[in-house]
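Down below is the structure, laid out as structure tokens.
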Number of protein chains: 2
Amino acid sequence: MTSSNKQTQTDKLAAEIGDAILSGVLTPGTRLDEHRLAEQYAVSRTPVREAIRSLAATGLVELRPRRSAVVAEITPAQLEIMFVAMGELEATCARLSAMSMTPIERRRLQNQHERMGALVESDDVAGFIEANLTFHGLIYAGSHNGILADMAVGLRRRLGPYRRAQFRSPGRLPRSQAEHDRIMQAIVSGDAATAHAAMLNHVSLVEDTFIGLTATRAA
Amino acid sequence: MTSSNKQTQTDKLAAEIGDAILSGVLTPGTRLDEHRLAEQYAVSRTPVREAIRSLAATGLVELRPRRSAVVAEITPAQLEIMFVAMGELEATCARLSAMSMTPIERRRLQNQHERMGALVESDDVAGFIEANLTFHGLIYAGSHNGILADMAVGLRRRLGPYRRAQFRSPGRLPRSQAEHDRIMQAIVSGDAATAHAAMLNHVSLVEDTFIGLTATRAA
DNA sequence: CCGGGCAATATTGCATGCAGTTTCTATATT
DNA sequence: AATATAGAAACTGCATGCAATATTGCCCGG
């Protein structure tokens with residue numbers, strides 16, 4: 001009883017096509033030909049159509065009646081807006097976390113932060129990146145608000161391809177760790193306003209990195 | 001060339017079924033039988049299926065593989081979370097508005113607020129409710145962030161059925177107007193932190209009204 | 001009288017086919 | 001040579017049909 005057999009073809013297709021878009025296999029502007037996709041995944045057009053419609057709801061593809069669906073284009077302006085939105089959502093989650101995390105959750109966040117300190121010492125970039133996801137994930141969860149957390153997770157996922165290089169610049173790891181320290185301290189001590197401000201500051205700096213990235217890509 | 005003919009059946013169905021859910025015609029827990037819906041709207045099952053999948057992505061219906069889709073249940077806990085999320089989004093939009101509204105937008109917000117003052121004087125509840133939507137809409141738009149604005153609009157739409165009675169309690173109109181005044185002043189003067197706090201306070205009070213409402217419904 | 005198992009029914013998931021529209025191409029005209 | 005136009009090919013939107021799975025009702029045993 002494989003787990004992949006439990007969900008429908010449509011769901012599997014939506015996941016696969018979505019991953020293909022997020023991983024860059026399907027680039028923005030690419031037409032999603034139903035026939036071609038059906039043939040490619042060895043199914044009929046029906047589940048392909050339904051999968052495309054699901055993806056359209058998430059904003060990954062654009063649906064134009066009577067014309068082919070296309071992979072959604074992201075303009076630099078749109079990217080900017082998405083980064084701002086994500087920053088605000090992260091900050092909001094940090095604020096709520098400061099107010100409503102349980103003692104266990106606060107402890108867990110603190111532990112995670114300390115663990116990341118060791119990764120900074122050993123300059124383990126890959127390990128830090130993964131631990132960083134966990135750190136931010138703990139804050140999403142700590143908000144105790146699934147809706148805001150889902151929004152943040154969705155945006156982070158969507159922005160993933162544009163954030164790849166963010167920890168490669170020298171000195172970024174210790175700086176991130178210092179910013180995390182402020183955030184973590186504020187959350188653990190229940191200081192909502194500081195948690196909000198510190199997180200906003202943190203993600204704004206990340207955003208700066210992204211702007212450099214897009215400039216590179218646009219050149 | 002009727003405008004209704006331009007969009008596909010699927011889109012029309014998604015809109016109609018969505019409205020049916022939001023307006024309470026289809027109550028939470030109702031099974032969405034594809035045959036029945038197809039017959040009811042005089043189309044085949046295919047567009048119905050696609051419409052349901054669209055609605056599932058918006059959270060209006062819950063999709064369970066191999067079982068009927070059902071209108072999503074909203075538990076009181078879920079409602080609470082949605083109201084909190086919406087409050088945070090509103091407050092964030094107010095914050096961003098204070099930072100990035102154009103002079104014209106600030107002026108427009110001020111005008112709208114003053115217009116609402118007259119409605120309070122004449123105790124025009126219906127007029128105030130509509131103007132209130134515009135007021136908040138101006139703040140969404142003023143954030144200059146379509147993503148956050150869309151999230152806020154979507155949540156407001158979703159919560160609509162649970163907010164109906166909020167302005168009926170005596171003295172609510174003048175109180176709302178006073179709260180709006182603080183928000184408007186902060187935004188116009190560019191005081192982001194105060195705008196955030198004032199909006200959060202404002203919507204929290206609205207939430208209080210909602211809690212009374214659910215208590216009534218639950219009894 | 002009540003609960004479990006089995007058959008009948010109903011319903012979903014997917015494939016396929018057809019009609020209408022869009023898009024591409026090639027030809028003709030300026 | 002460039003553009004407009006007509007025809008053809010391709011693609012989407014929708015309907016229908018079939019197989020697989022869930023649900024319901026019924027019968028039997030305890």
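If you're wondering about the labels, chains in the structure tokens are A, B, ... by order shown, residues count from 1 in each chain, ligands from 1 in order shown.
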Hand me chain A as it sits after a least-squares fit onto chain B over every Cα, paired in order, written as a compact mmCIF listing (two decimals) with C-alpha atoms, in the first residue's frame.
```txt
# COMPACT_ATOMS: atom_id res chain seq x y z
CA MET A 1 -21.89 40.26 -25.90
CA THR A 2 -22.85 39.70 -22.29
CA SER A 3 -20.02 39.79 -19.82
CA SER A 4 -21.23 36.57 -18.26
CA ASN A 5 -20.51 34.82 -21.52
CA LYS A 6 -16.86 35.77 -21.46
CA GLN A 7 -15.79 33.55 -18.61
CA THR A 8 -16.05 29.81 -18.65
CA GLN A 9 -18.79 27.75 -17.07
CA THR A 10 -16.31 26.58 -14.49
CA ASP A 11 -15.61 30.13 -13.34
CA LYS A 12 -19.27 31.00 -13.18
CA LEU A 13 -19.98 27.86 -11.20
CA ALA A 14 -17.16 28.52 -8.78
CA ALA A 15 -18.52 31.99 -8.18
CA GLU A 16 -22.09 30.82 -7.76
CA ILE A 17 -21.33 27.90 -5.50
CA GLY A 18 -18.95 30.07 -3.51
CA ASP A 19 -21.66 32.67 -3.03
CA ALA A 20 -24.09 29.96 -2.04
CA ILE A 21 -21.70 28.84 0.67
CA LEU A 22 -20.90 32.34 1.91
CA SER A 23 -24.54 33.33 1.94
CA GLY A 24 -25.49 30.28 3.92
CA VAL A 25 -27.54 28.54 1.26
CA LEU A 26 -25.07 25.68 1.46
CA THR A 27 -24.33 25.09 5.12
CA PRO A 28 -21.06 23.63 6.44
CA GLY A 29 -20.99 19.87 6.23
CA THR A 30 -23.25 19.76 3.19
CA ARG A 31 -22.09 17.19 0.68
CA LEU A 32 -21.42 18.58 -2.75
CA ASP A 33 -22.86 15.93 -4.99
CA GLU A 34 -21.49 16.42 -8.48
CA HIS A 35 -24.51 14.92 -10.20
CA ARG A 36 -26.94 17.05 -8.26
CA LEU A 37 -24.99 20.27 -8.79
CA ALA A 38 -24.57 19.50 -12.49
CA GLU A 39 -28.27 18.99 -12.87
CA GLN A 40 -29.08 22.04 -10.78
CA TYR A 41 -26.95 24.37 -12.89
CA ALA A 42 -27.74 22.55 -16.14
CA VAL A 43 -24.17 21.66 -17.00
CA SER A 44 -22.17 18.47 -17.02
CA ARG A 45 -20.12 17.15 -14.16
CA THR A 46 -16.82 18.30 -15.62
CA PRO A 47 -17.14 22.04 -14.95
CA VAL A 48 -18.69 21.24 -11.58
CA ARG A 49 -15.67 19.18 -10.62
CA GLU A 50 -13.30 21.93 -11.70
CA ALA A 51 -15.26 24.56 -9.82
CA ILE A 52 -15.21 22.47 -6.67
CA ARG A 53 -11.48 22.09 -6.97
CA SER A 54 -11.09 25.85 -7.25
CA LEU A 55 -13.20 26.37 -4.16
CA ALA A 56 -11.16 23.79 -2.30
CA ALA A 57 -8.06 25.89 -2.90
CA THR A 58 -9.74 28.86 -1.26
CA GLY A 59 -10.69 26.78 1.75
CA LEU A 60 -14.42 27.04 1.20
CA VAL A 61 -14.84 23.33 0.60
CA GLU A 62 -12.94 20.34 1.82
CA LEU A 63 -11.81 17.75 -0.69
CA ARG A 64 -11.58 14.13 0.38
CA PRO A 65 -10.31 11.74 -2.27
CA ARG A 66 -12.88 9.26 -3.44
CA ARG A 67 -15.49 10.79 -1.19
CA SER A 68 -17.81 13.68 -1.71
CA ALA A 69 -16.45 17.15 -1.26
CA VAL A 70 -18.16 18.92 1.61
CA VAL A 71 -18.66 22.54 2.54
CA ALA A 72 -15.86 23.28 5.00
CA GLU A 73 -16.83 23.27 8.63
CA ILE A 74 -15.67 26.21 10.69
CA THR A 75 -15.18 25.48 14.34
CA PRO A 76 -15.30 28.32 16.86
CA ALA A 77 -11.56 27.82 17.36
CA GLN A 78 -11.01 28.18 13.64
CA LEU A 79 -13.14 31.30 13.59
CA GLU A 80 -11.10 32.78 16.40
CA ILE A 81 -7.92 32.14 14.44
CA MET A 82 -9.36 33.67 11.33
CA PHE A 83 -10.39 36.81 13.18
CA VAL A 84 -6.96 37.14 14.71
CA ALA A 85 -5.32 36.63 11.33
CA MET A 86 -7.56 39.19 9.75
CA GLY A 87 -6.87 41.67 12.50
CA GLU A 88 -3.15 41.25 12.08
CA LEU A 89 -3.42 41.65 8.33
CA GLU A 90 -5.51 44.78 8.70
CA ALA A 91 -3.05 46.22 11.15
CA THR A 92 -0.19 45.40 8.83
CA CYS A 93 -1.94 47.10 5.94
CA ALA A 94 -2.51 50.15 8.12
CA ARG A 95 1.19 50.16 8.99
CA LEU A 96 2.21 49.96 5.35
CA SER A 97 -0.36 52.57 4.41
CA ALA A 98 1.16 54.99 6.89
CA MET A 99 4.49 54.42 5.22
CA SER A 100 3.61 54.34 1.56
CA MET A 101 0.32 56.05 0.79
CA THR A 102 0.55 58.81 -1.74
CA PRO A 103 -0.70 62.26 -0.73
CA ILE A 104 -3.77 61.68 -2.88
CA GLU A 105 -4.53 58.41 -1.13
CA ARG A 106 -4.13 60.02 2.27
CA ARG A 107 -6.47 62.76 1.22
CA ARG A 108 -8.99 60.23 -0.03
CA LEU A 109 -8.89 58.32 3.25
CA GLN A 110 -9.43 61.54 5.15
CA ASN A 111 -12.39 62.45 2.96
CA GLN A 112 -13.93 59.04 3.43
CA HIS A 113 -13.56 59.35 7.18
CA GLU A 114 -15.22 62.75 7.18
CA ARG A 115 -18.05 61.47 5.04
CA MET A 116 -18.60 58.72 7.57
CA GLY A 117 -18.86 61.31 10.31
CA ALA A 118 -22.06 62.58 8.69
CA LEU A 119 -23.42 59.02 8.57
CA VAL A 120 -22.76 58.65 12.28
CA GLU A 121 -24.58 61.92 12.97
CA SER A 122 -27.63 60.74 11.10
CA ASP A 123 -27.29 57.27 12.62
CA ASP A 124 -27.39 55.70 9.15
CA VAL A 125 -26.25 52.18 10.01
CA ALA A 126 -26.62 50.72 6.53
CA GLY A 127 -24.77 53.61 4.98
CA PHE A 128 -22.06 53.39 7.60
CA ILE A 129 -21.56 49.68 7.01
CA GLU A 130 -21.02 50.23 3.33
CA ALA A 131 -18.79 53.25 3.88
CA ASN A 132 -16.87 51.21 6.42
CA LEU A 133 -16.05 48.64 3.75
CA THR A 134 -14.75 51.42 1.56
CA PHE A 135 -12.70 52.86 4.42
CA HIS A 136 -10.99 49.57 5.12
CA GLY A 137 -10.65 48.92 1.40
CA LEU A 138 -8.76 52.19 1.00
CA ILE A 139 -6.34 51.03 3.66
CA TYR A 140 -5.84 47.67 1.98
CA ALA A 141 -5.12 49.42 -1.30
CA GLY A 142 -2.93 51.99 0.40
CA SER A 143 -0.59 49.30 1.60
CA HIS A 144 0.54 49.07 -2.03
CA ASN A 145 0.93 45.37 -1.47
CA GLY A 146 -1.51 43.35 -3.51
CA ILE A 147 -0.66 40.12 -1.77
CA LEU A 148 -1.43 41.29 1.73
CA ALA A 149 -4.44 43.19 0.44
CA ASP A 150 -5.78 40.09 -1.29
CA MET A 151 -5.30 38.04 1.82
CA ALA A 152 -7.18 40.60 3.86
CA VAL A 153 -9.98 40.88 1.33
CA GLY A 154 -10.28 37.11 1.13
CA LEU A 155 -10.49 36.73 4.87
CA ARG A 156 -12.98 39.55 5.20
CA ARG A 157 -15.13 37.91 2.57
CA ARG A 158 -14.85 34.58 4.31
CA LEU A 159 -15.76 36.08 7.66
CA GLY A 160 -18.61 38.14 6.27
CA PRO A 161 -21.40 35.85 7.46
CA TYR A 162 -20.09 36.01 11.01
CA ARG A 163 -19.90 39.77 11.20
CA ARG A 164 -23.37 40.80 10.23
CA ALA A 165 -24.57 42.16 13.51
CA GLN A 166 -21.47 44.06 14.48
CA PHE A 167 -22.82 47.60 14.16
CA ARG A 168 -26.19 47.01 15.69
CA SER A 169 -25.19 47.36 19.30
CA PRO A 170 -26.00 50.87 20.53
CA GLY A 171 -23.14 53.32 20.61
CA ARG A 172 -21.07 51.21 18.25
CA LEU A 173 -21.10 53.72 15.42
CA PRO A 174 -19.61 56.68 17.34
CA ARG A 175 -17.07 54.37 18.93
CA SER A 176 -16.03 52.96 15.56
CA GLN A 177 -15.78 56.47 14.21
CA ALA A 178 -13.51 57.49 17.07
CA GLU A 179 -11.30 54.47 16.47
CA HIS A 180 -11.24 55.25 12.77
CA ASP A 181 -10.17 58.74 13.64
CA ARG A 182 -7.09 57.51 15.47
CA ILE A 183 -6.25 55.17 12.61
CA MET A 184 -6.77 57.78 9.96
CA GLN A 185 -4.76 60.40 11.83
CA ALA A 186 -1.87 58.02 12.27
CA ILE A 187 -1.86 56.96 8.64
CA VAL A 188 -2.14 60.48 7.28
CA SER A 189 0.67 61.67 9.52
CA GLY A 190 2.84 58.71 8.59
CA ASP A 191 2.98 57.23 12.09
CA ALA A 192 3.31 53.56 11.23
CA ALA A 193 3.50 52.15 14.73
CA THR A 194 0.44 54.03 15.94
CA ALA A 195 -1.50 53.09 12.81
CA HIS A 196 -0.70 49.45 13.49
CA ALA A 197 -1.69 49.62 17.13
CA ALA A 198 -4.84 51.61 16.50
CA MET A 199 -6.04 49.24 13.82
CA LEU A 200 -5.30 46.23 15.96
CA ASN A 201 -7.30 47.75 18.76
CA HIS A 202 -10.14 48.58 16.41
CA VAL A 203 -10.54 45.11 14.96
CA SER A 204 -10.10 43.49 18.35
CA LEU A 205 -13.19 45.30 19.51
CA VAL A 206 -15.05 44.08 16.48
CA GLU A 207 -13.90 40.62 17.37
CA ASP A 208 -15.49 40.96 20.80
CA THR A 209 -18.78 41.52 19.08
CA PHE A 210 -18.24 38.39 17.06
CA ILE A 211 -17.59 36.31 20.18
CA GLY A 212 -20.93 37.37 21.56
CA LEU A 213 -22.47 36.39 18.27
CA THR A 214 -21.07 32.89 18.23
CA ALA A 215 -22.11 32.41 21.81
CA THR A 216 -25.62 33.24 20.70
CA ARG A 217 -25.45 30.86 17.79
CA ALA A 218 -23.99 28.07 19.83
CA ALA A 219 -26.67 28.37 22.48
```
- DT30 in chain C environment, 10 Å, only C-alpha atoms (C1' of nucleotides), sequence neighbours closer than 3 positions dropped, as a ChimeraX atom specification: /D:2-4
- Task: Please report as a ChimeraX atom specification which residues of chain D come no farther than 8 Å from chain B, using only C-alpha atoms (C1' of nucleotides).
- Result: /D:13-15,21-22
Since we have the selection now, will you write its residues out, keeping N, CA and C atoms (P, O5', C5', C4', C3', O3' and C1' of nucleotides), as a tab-separated table (two decimals), in the first residue's frame?
```
chain	number	residue	atom	x	y	z
D	13	DG	P	-10.06	26.14	-21.20
D	13	DG	O5'	-11.51	25.62	-21.57
D	13	DG	C5'	-12.39	26.47	-22.28
D	13	DG	C4'	-13.71	25.79	-22.50
D	13	DG	C3'	-14.33	25.19	-21.24
D	13	DG	O3'	-15.71	25.55	-21.18
D	13	DG	C1'	-14.14	23.52	-22.91
D	14	DC	P	-16.57	25.18	-19.89
D	14	DC	O5'	-17.32	23.87	-20.32
D	14	DC	C5'	-18.16	23.91	-21.48
D	14	DC	C4'	-18.52	22.51	-21.90
D	14	DC	C3'	-19.15	21.64	-20.80
D	14	DC	O3'	-20.51	21.43	-21.13
D	14	DC	C1'	-17.54	20.43	-22.09
D	15	DA	P	-21.44	20.53	-20.16
D	15	DA	O5'	-21.45	19.13	-20.94
D	15	DA	C5'	-21.78	19.13	-22.31
D	15	DA	C4'	-21.77	17.70	-22.86
D	15	DA	C3'	-22.50	16.68	-21.97
D	15	DA	O3'	-23.30	15.85	-22.79
D	15	DA	C1'	-20.24	16.00	-22.31
D	21	DT	P	-10.04	0.24	-6.23
D	21	DT	O5'	-10.83	1.14	-5.18
D	21	DT	C5'	-10.74	2.56	-5.27
D	21	DT	C4'	-11.95	3.20	-4.61
D	21	DT	C3'	-12.26	2.67	-3.20
D	21	DT	O3'	-12.29	3.77	-2.31
D	21	DT	C1'	-14.22	2.78	-4.50
D	22	DA	P	-12.27	3.56	-0.73
D	22	DA	O5'	-13.69	4.13	-0.30
D	22	DA	C5'	-13.96	5.51	-0.53
D	22	DA	C4'	-15.46	5.76	-0.49
D	22	DA	C3'	-16.13	5.50	0.86
D	22	DA	O3'	-17.00	6.58	1.16
D	22	DA	C1'	-17.25	4.30	-0.81
```
- Write down as a VMD selection string the residues of range 101-207 of chain B whose backbone DSSP state falls under alpha helix (DSSP H). chain B and resid 103 to 121 125 to 142 146 to 159 172 to 188 192 to 207
- Name the residues of chain A that come out as strand (DSSP E or B) in a backbone DSSP run; write them as a ChimeraX atom specification. /A:31-32,61-62,69-71
- Note on the structure: The distance between C1' of DC18 in chain C and C1' of DG17 in chain D is 13.9 Å
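With the cut-off set to 8 Å and only C-alpha atoms (C1' of nucleotides) counted, chain C residues close to chain B are DT11, DT12 and DG13 of chain C.
Atom pair C1' of DT22 in chain C / C1' of DA9 in chain D: separated by 10.7 Å.
Atom pair C1' of DA10 in chain D / C1' of DC14 in chain C: separated by 23.1 Å.
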- Note on the structure: Of C:DA15, C:DA8, C:DT25, C:DG3, the one sitting nearest DG25 in chain D when using only C-alpha atoms (C1' of nucleotides) is C:DA8
- Could you pull the residues within 12 Å of DC27 in chain D, counting only C-alpha atoms (C1' of nucleotides), minus those fewer than 3 positions along the same chain, as a list of chain:residue names? C:DG4, C:DG5, C:DC6, C:DA7
Go ahead and dump the residues you just picked, N, CA and C atoms (P, O5', C5', C4', C3', O3' and C1' of nucleotides), as a short mmCIF file (atom, residue, chain, number, x, y, z; two decimals), in the first residue's frame.
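Okay, this is what ended up in part-v8.cif:
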```
data_model
loop_
_atom_site.label_atom_id
_atom_site.label_comp_id
_atom_site.auth_asym_id
_atom_site.auth_seq_id
_atom_site.Cartn_x
_atom_site.Cartn_y
_atom_site.Cartn_z
P DG C 4 -20.04 -4.51 15.99
"O5'" DG C 4 -19.92 -5.62 14.85
"C5'" DG C 4 -19.78 -7.00 15.23
"C4'" DG C 4 -19.91 -7.88 14.00
"C3'" DG C 4 -19.05 -7.44 12.80
"O3'" DG C 4 -18.48 -8.59 12.19
"C1'" DG C 4 -21.32 -7.52 12.15
P DG C 5 -17.29 -8.43 11.12
"O5'" DG C 5 -17.94 -8.98 9.78
"C5'" DG C 5 -18.52 -10.30 9.77
"C4'" DG C 5 -19.43 -10.45 8.56
"C3'" DG C 5 -18.77 -10.09 7.22
"O3'" DG C 5 -19.13 -11.06 6.26
"C1'" DG C 5 -20.76 -8.85 7.48
P DC C 6 -18.26 -11.20 4.90
"O5'" DC C 6 -19.38 -11.06 3.77
"C5'" DC C 6 -20.62 -11.75 3.92
"C4'" DC C 6 -21.68 -11.13 3.02
"C3'" DC C 6 -21.17 -10.73 1.63
"O3'" DC C 6 -22.11 -11.12 0.65
"C1'" DC C 6 -22.21 -8.88 2.66
P DA C 7 -21.63 -11.39 -0.87
"O5'" DA C 7 -22.76 -10.62 -1.69
"C5'" DA C 7 -24.14 -10.96 -1.49
"C4'" DA C 7 -25.02 -9.73 -1.68
"C3'" DA C 7 -24.94 -9.09 -3.07
"O3'" DA C 7 -26.26 -8.77 -3.51
"C1'" DA C 7 -24.49 -7.46 -1.43
#
```
